[in-house]
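Only one structure is covered here, and it is reproduced in the block below.
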Amino acid sequence: MSVPILNASGCLDALTAPEVARTLDGFVTKTVTPLPREGNPPPRIAEADGWMLNSIGLQNPGIEAFATRVLPRLRDLGVPLWVSVGGFSASDYETCCERVGELEAVQVIELNLSCPNVDEAPETVVELVRSSRKATSKPLYAKLSPATPDIAEVARAVADAGADGLSLVNTIRGLALDPGSLRPRLALGPGGASGPALRPIALACVYACANAVELPIVGLGGVMSGRDVIDFVAVGASAVALGTVLFADPFSPSRIRAELEREARVRGYGSAEEIGRLAHGSASALQV
Amino acid sequence: MLANEVVGPYALLRLERCDMEPGVPGQFFMLEAPGQLLPRPMSLCLAPPGELAFLLEPIGPGTRALAGARPRDAIHILGPLGNGFDLDVERPLLVAGGIGMAPMPYLSETLGGPPALLGFRSKSHAEAARLLPGAEVVVEPQLVTELLPDEPGDVLACGPEPMLEAVRELAPDAQLAWEAPMACGYGACYGCVVDVEGRYVRLCVEGPVR
């Protein structure tokens with residue numbers, strides 16, 4: 001049983017922890033924007049009620065410094081590279097995709113269309129995908145927010161606009177208060193919530209989109225164990241990405257891969273294809 | 001865990017070292033907090049043979065969960081992480097406030113027992129001073145910075161931010177151990193940034209001693 005395991009964008013610095021990056025089947029960079037960004041003021045993270053909240057705010061060196069200074073060092077890791085790009089307008093996405101498109105070492109561009117911690121572009125997600133598509137021929141994965149009334153509809157629209165795959169899902173906006181002062185624990189108030197509590201939400205999104213489009217799907221949101229990977233594959237994901245679990249356990253990629261193999265063996269699953277979309281049969285009848 | 005000792009309002013967790021290195025004083029470890037999603041950063045307090053010991057103050061869900069751990073509980077830890085104190089100093093003077101006391105016993109042992117100044121907010125908190133015999137101790141309203149001599153020598157300090165700022169005023173070259181909320185401790189999350197001359201740098205990578 002083999003399912004590609006990536007990291008979620010912004011959840012690993014491959015240059016600071018190359019030995020962790022090398023345990024992944026692909027490394028996804030932190031989101032790069034056209035201009036350098038210092039990110040949001042601290043405190044940027046908090047844990048509350050089983051969720052992790054973050055408000056990093058896309059801290060990054062900007063596309064040019066990334067392309068000239070960071071990418072050559074990432075290439076030397078020998079891990080397939082996905083570059084996450086973001087921005088505040090369609091032309092920002094176009095600029096990033098055009099520049100990253102020139103970089104031979106990059107396999108996939110992931111479009112961060114759903115960061116809950118920065119201002120949104122005025123254009124729709126579909127328009128951002130269309131602009132990005134015009135700028136590059138590299139595979140484009142659209143990373144969508146779970147806070148969407150009808151994510152299957154969005155998936156169909158971004159597929160029509162030229163996306164080659166989906167990353168489901170980004171964090172969902174949440175707020176945690178300090179119990180004493182009742183002030184928000186993060187400097188800017190709300191943040192993106194992640195962790196195991198996000199998993200049922202992410203599974204529902206993958207489930208809906210796998211029924212709606214034929215695109216490959218990277219499932220992410222609260223993956224903590226090999227069993228969770230099986231769930232994501234069963235609803236239609238062809239790869240998974242690890243986020244919050246990497247913060248708690250840098251050895252999680254190898255651990256989860258081993259758990260997946262053991263779990264699949266115990267349950268008698270031969271391949272990912274065999275369990276892929278198993279969840280889409282009719283609901284199992286209540287056994288009494 | 002080998003033992004969980006009460007030290008005034010603090011808890012001293014003695015963990016079996018297994019094959020882990022203690023690292024340089026001022027470096028830190030991420031400690032799994034039972035029942036919590038994220039581990040918590042703690043600097044090493046004591047490194048007797050076969051042990052790694054951490055002093056912590058139970059003030060939130062994570063530190064309370066750790067303070068409630070019992071002998072024989074398994075606690076995953078990661079480390080040593082970050083940059084510790086530069087030990088190449090001629091006239092070391094240790095200065096700590098409150099739970100900033102945590103790295104001082106191991107630092108003191110490594111430097112051969114230099115003079116130390118400790119400040120606490122109550123007599124009960126000051127019980128932690130027993131981990132550093134010979135230190136000069138003050139309790140609020142007196143502040144530890146009031147004890148700093150005119151020529152303090154090479155100050156190595158850890159404590160709350162206002163204390164560290166005050167130490168820096170009096171001893172501009174002091175080595176200061178800062179703290180920040182951290183999710184990962186190894187540079188992955190960009191959660192623990194501090195403002196250094198208008199730029200946000202990760203405390204876990206460029207600190208905690210700066």
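By convention here, the chains of the structure tokens are called A, B, ... in the order presented, each chain's residues are numbered starting at 1, and ligands are numbered starting at 1 in the order presented.
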
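Every protein or nucleic acid residue with an atom no more than 10 Å from range 163-172 of chain B, counting only C-alpha atoms and leaving out same-chain residues fewer than 4 positions away, appears here: Val95, Ala96, Gly97, Gly98, Gly100, Gly119, Leu143, Val144, Thr145, Glu146, Leu148, Pro149, Asp150, Glu151, Pro152, Gly153, Asp154, Val155, Leu156, Ala157, Cys158, Gly159, Leu176, Ala177 and Trp178 of chain B.
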
Exercise answer, chain A residues close to chain B, 8 Å and only C-alpha atoms, as number ranges by chain: A: 10-13, 16-17, 38-39, 42-47, 50-52, 54-56, 195, 246-248

Those in range 27-199 of chain B with alpha helix (DSSP H) from DSSP, as a list in words: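 Restricting range 27-199 of chain B to alpha helix (DSSP H) produces Pro61, Gly62, Thr63, Arg64, Ala65, Leu66, Ala67, Met104, Pro105, Tyr106, Leu107, Ser108, Glu109, Thr110, Glu161, Pro162, Met163, Leu164, Glu165, Ala166, Val167, Arg168, Glu169 and Leu170 of chain B.
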
Using DSSP secondary structure from the backbone, list all strand (DSSP E) positions within range 71-209 of chain B, as a PDB file with C-alpha atoms, in the first residue's frame.
ATOM      1  CA  ILE B  77      10.562  14.797  23.882  1.00  0.00           C
ATOM      2  CA  LEU B  78      12.494  16.369  21.006  1.00  0.00           C
ATOM      3  CA  GLY B  79      15.792  18.170  21.408  1.00  0.00           C
ATOM      4  CA  PRO B  80      18.100  19.758  22.249  1.00  0.00           C
ATOM      5  CA  LEU B  81      16.900  22.602  20.014  1.00  0.00           C
ATOM      6  CA  PRO B  92      29.823  35.180  34.277  1.00  0.00           C
ATOM      7  CA  LEU B  93      26.909  36.487  36.334  1.00  0.00           C
ATOM      8  CA  LEU B  94      23.621  34.589  36.151  1.00  0.00           C
ATOM      9  CA  VAL B  95      20.400  36.613  36.460  1.00  0.00           C
ATOM     10  CA  ALA B  96      16.932  35.067  36.463  1.00  0.00           C
ATOM     11  CA  GLY B  97      13.360  36.029  37.264  1.00  0.00           C
ATOM     12  CA  ALA B 116      23.795  34.228  40.561  1.00  0.00           C
ATOM     13  CA  LEU B 117      20.934  36.662  41.240  1.00  0.00           C
ATOM     14  CA  LEU B 118      17.375  35.354  41.384  1.00  0.00           C
ATOM     15  CA  GLY B 119      14.118  37.296  41.675  1.00  0.00           C
ATOM     16  CA  PHE B 120      10.687  35.846  42.450  1.00  0.00           C
ATOM     17  CA  GLU B 136      21.348  35.768  46.041  1.00  0.00           C
ATOM     18  CA  VAL B 137      17.538  35.875  46.143  1.00  0.00           C
ATOM     19  CA  VAL B 138      15.055  38.748  46.206  1.00  0.00           C
ATOM     20  CA  VAL B 139      11.270  38.743  46.342  1.00  0.00           C
ATOM     21  CA  ASP B 154      29.235  38.817  31.489  1.00  0.00           C
ATOM     22  CA  VAL B 155      25.534  38.631  32.266  1.00  0.00           C
ATOM     23  CA  LEU B 156      23.569  35.525  31.239  1.00  0.00           C
ATOM     24  CA  ALA B 157      19.881  36.092  31.931  1.00  0.00           C
ATOM     25  CA  CYS B 158      16.481  34.466  31.592  1.00  0.00           C
ATOM     26  CA  GLN B 175      23.133  37.152  26.728  1.00  0.00           C
ATOM     27  CA  LEU B 176      19.356  36.935  27.082  1.00  0.00           C
ATOM     28  CA  ALA B 177      17.181  33.804  26.842  1.00  0.00           C
ATOM     29  CA  VAL B 193       8.852  34.993  15.652  1.00  0.00           C
ATOM     30  CA  VAL B 194      10.187  37.978  17.549  1.00  0.00           C
ATOM     31  CA  ASP B 195      10.852  41.451  16.189  1.00  0.00           C
ATOM     32  CA  VAL B 196      14.585  42.003  15.711  1.00  0.00           C
ATOM     33  CA  ARG B 199      12.319  41.900  10.994  1.00  0.00           C
ATOM     34  CA  TYR B 200      10.515  38.843  12.285  1.00  0.00           C
ATOM     35  CA  VAL B 201      12.942  36.039  13.076  1.00  0.00           C
ATOM     36  CA  ARG B 202      12.131  32.581  14.432  1.00  0.00           C
TER      37      ARG B 202
END

Test item: residues at most 7 Å from range 101-104 of chain B, only C-alpha atoms, excluding those fewer than 5 positions along its chain, as a PyMOL selection string: chain B and resi 25-26+43-45+55+96+158

Please produce a file of those selected residues containing C-alpha atoms, as a CSV table (one decimal), in the first residue's frame.
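As written to disk, again-v4.csv reads:
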chain,number,residue,atom,x,y,z
B,25,PRO,CA,22.6,25.3,28.7
B,26,GLY,CA,19.9,27.6,27.3
B,43,SER,CA,14.7,24.6,28.7
B,44,LEU,CA,16.8,22.0,30.4
B,45,CYS,CA,17.1,22.6,34.2
B,55,LEU,CA,11.3,23.0,35.8
B,96,ALA,CA,16.9,35.1,36.5
B,158,CYS,CA,16.5,34.5,31.6
